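Asker: Got a structure here, written out as structure tokens. Questions coming.
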Amino acid sequence: MFEITSHSPEETKRIAAAVGGLLLPGDLVNLSGELGAGKTLFVKGLAGALDIPEEMVTSPTFSILNEYEGTGVLLYHFDFYRLGSERELENIGFQDYFYGSGISVVEWGDLFPEHLPDDRLDVVMEKTGPQARRLSFSGFGERGRHIAEQVRRLLSVHPGH
Ligand SMILES: Nc1ncnc2c1ncn2[C@@H]1O[C@H](COP(=O)(O)OP(=O)(O)O)[C@@H](O)[C@H]1O
Ligand SMILES: [Mg+2]
């Protein structure tokens with residue numbers, strides 16, 4: 001796990017774009033943090049790295065899933081916040097997305113943790129000031145740990161715990 005502090009929305013987007021540039025088809029990023037932490041903003045930055053205009057990225061709070069077409073890859077943007085039950089998640093056919101050849105990013109994935117793939121990058125966002133956010137990165141599974149390590153190097157963060 002390692003942490004980065006973002007001091008502005010622009011900085012959060014830059015960090016997210018660095019993450020987006022490292023992702024491959026099939027990867028999944030799980031974003032958690034309270035409302036207003038910056039999860040949707042993070043997705044905008046991440047999408048930019050896939051050549052998806054950030055204006056295309058909107059909160060899927062009510063739709064649960066938005067799909068955007070990047071260069072050579074689809075980005076699946078989930079928001080589990082208003083998801084009522086596991087049944088609803090199954091009805092969406094989430095496995096086809098999570099284990100398919102697109103890139104998935106999930107806001108509030110922690111609400112249904114048992115449905116997240118074992119291989120993933122978790123990013124926890126915490127408000128530490130009006131414009132400040134602490135971003136904690138943890139990689140799970142072989143692929144997730146690899147992504148986390150690449151992000152850490154790219155952002156020149158010293159190894160944490
Ligand atoms: N450093 C920062 N990183 C991300 N968002 C920030 C930051 N500072 C202020 N903000 C503001 O916080 C809000 C985050 O909103 P949003 O991305 O929709 O959050 P969430 O999806 O987590 O509910 C935006 O209005 C954004 O401008
Ligand atoms: Mg959001």
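Within each chain, counting starts at residue 1; across the structure tokens, chains are named A, B, ... in the order shown, with ligands numbered 1 upward in that order.
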Where does DSSP see strand (DSSP E) in chain A, if you list the residues as number ranges by chain?

Answerer: A: 2-6, 28-32, 65-69, 74-79, 103-107, 120-127, 133-140

Asker: Would you export the selected residues with C-alpha atoms as an mmCIF file, in the first residue's frame, please?

Answerer:
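Okay, part09.cif is ready:
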data_model
loop_
_atom_site.group_PDB
_atom_site.id
_atom_site.type_symbol
_atom_site.label_atom_id
_atom_site.label_comp_id
_atom_site.auth_asym_id
_atom_site.auth_seq_id
_atom_site.Cartn_x
_atom_site.Cartn_y
_atom_site.Cartn_z
ATOM 1 C CA PHE A 2 1.178 3.520 -0.665
ATOM 2 C CA GLU A 3 -0.386 6.944 -0.394
ATOM 3 C CA ILE A 4 -0.337 10.087 -2.474
ATOM 4 C CA THR A 5 -1.805 13.452 -1.520
ATOM 5 C CA SER A 6 -3.613 15.380 -4.219
ATOM 6 C CA LEU A 28 -10.292 -3.424 -12.830
ATOM 7 C CA VAL A 29 -9.945 -0.437 -10.523
ATOM 8 C CA ASN A 30 -12.105 -0.204 -7.387
ATOM 9 C CA LEU A 31 -12.600 3.318 -6.050
ATOM 10 C CA SER A 32 -13.919 3.933 -2.574
ATOM 11 C CA LEU A 65 -23.161 1.331 -15.509
ATOM 12 C CA ASN A 66 -21.897 3.711 -18.190
ATOM 13 C CA GLU A 67 -19.903 2.465 -21.122
ATOM 14 C CA TYR A 68 -17.400 4.590 -23.042
ATOM 15 C CA GLU A 69 -15.408 3.736 -26.122
ATOM 16 C CA LEU A 74 -14.062 -0.130 -23.842
ATOM 17 C CA LEU A 75 -14.257 1.468 -20.417
ATOM 18 C CA TYR A 76 -17.003 0.213 -18.112
ATOM 19 C CA HIS A 77 -17.809 2.718 -15.380
ATOM 20 C CA PHE A 78 -19.864 1.309 -12.521
ATOM 21 C CA ASP A 79 -21.304 2.975 -9.450
ATOM 22 C CA ILE A 103 -11.317 -2.010 -18.547
ATOM 23 C CA SER A 104 -13.631 -1.681 -15.541
ATOM 24 C CA VAL A 105 -13.676 1.026 -12.933
ATOM 25 C CA VAL A 106 -16.088 0.752 -10.032
ATOM 26 C CA GLU A 107 -17.174 3.505 -7.665
ATOM 27 C CA ARG A 120 -7.573 -5.534 -9.018
ATOM 28 C CA LEU A 121 -6.274 -2.146 -7.978
ATOM 29 C CA ASP A 122 -8.028 -0.527 -5.016
ATOM 30 C CA VAL A 123 -7.890 3.220 -4.541
ATOM 31 C CA VAL A 124 -9.287 4.689 -1.324
ATOM 32 C CA MET A 125 -9.911 8.431 -1.464
ATOM 33 C CA GLU A 126 -10.222 10.518 1.685
ATOM 34 C CA LYS A 127 -10.971 14.203 2.077
ATOM 35 C CA ARG A 133 -7.408 14.227 -0.920
ATOM 36 C CA ARG A 134 -5.375 11.302 0.347
ATOM 37 C CA LEU A 135 -5.260 8.502 -2.214
ATOM 38 C CA SER A 136 -4.233 5.074 -0.925
ATOM 39 C CA PHE A 137 -3.328 2.470 -3.521
ATOM 40 C CA SER A 138 -3.358 -1.285 -2.904
ATOM 41 C CA GLY A 139 -2.908 -3.977 -5.510
ATOM 42 C CA PHE A 140 -4.470 -7.420 -5.140
#

Asker: When DSSP is applied to the backbone of this structure, which of chain A are assigned alpha helix (DSSP H)? Write them out as a PyMOL selection string.

Answerer: chain A and resi 9-22+39-48+86-92+94-98+141-154

Asker: Could you name the residues that touch segment 48-58 of chain A at 8 Å or less, counting only C-alpha atoms, but leaving out those on the same chain fewer than 3 positions away, as a PyMOL selection string?

Answerer: chain A and resi 17-18+20-21+40+43-45+66+68-71+73

Asker: For atom CA of Arg153 of chain A and atom 2 (C, counted along the ligand's line) of ligand 1, determine how far apart the two atoms are, in Å to one decimal place.

Answerer: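 Between these atoms lies a distance of 21.3 Å.
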
Asker: Do you know which residues are within 6 Å of ligand 1 using only C-alpha atoms and all ligand atoms? Can you write them as a PyMOL selection string?

Answerer: chain A and resi 6-9+12+34-41+130-133

Asker: Return the single residue from A:Gly144, A:Gly93, A:Gly129, A:Pro60 that is closest to ligand 2, with distances computed using only C-alpha atoms and all ligand atoms.

Answerer: A:Pro60

Asker: Identify, on the basis of only C-alpha atoms, every residue whose closest approach to Ile92 of chain A does not exceed 12 Å; exclude the query and any residue fewer than 6 positions from it along the same chain; express the result as a list in words.

Answerer: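 Neighbouring residues, sequence-local ones excluded: Ser63, Ile64, Leu65, Asn66, Phe78, Phe80, Leu83, Ser85, Glu86 and Phe98 of chain A.
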
Asker: What does the structure give for the distance between atom CA of Gly109 of chain A and atom CA of Ser156 of chain A, in Å to one decimal?

Answerer: 26.8 Å

Asker: Please compute the atom CA of Gly72 of chain A-atom CA of Asn91 of chain A distance, one decimal, in Å.

Answerer: 26.8 Å

Asker: Pick the closest to ligand 2 from A:Phe42, A:Pro159, A:Gly26, A:Asp110: which is it, counting only C-alpha atoms and all ligand atoms?

Answerer: A:Phe42

Asker: Using only C-alpha atoms and all ligand atoms, which residue out of A:Ala148, A:Trp108, A:Leu46, A:Ser101 lies closest to ligand 2?

Answerer: A:Trp108
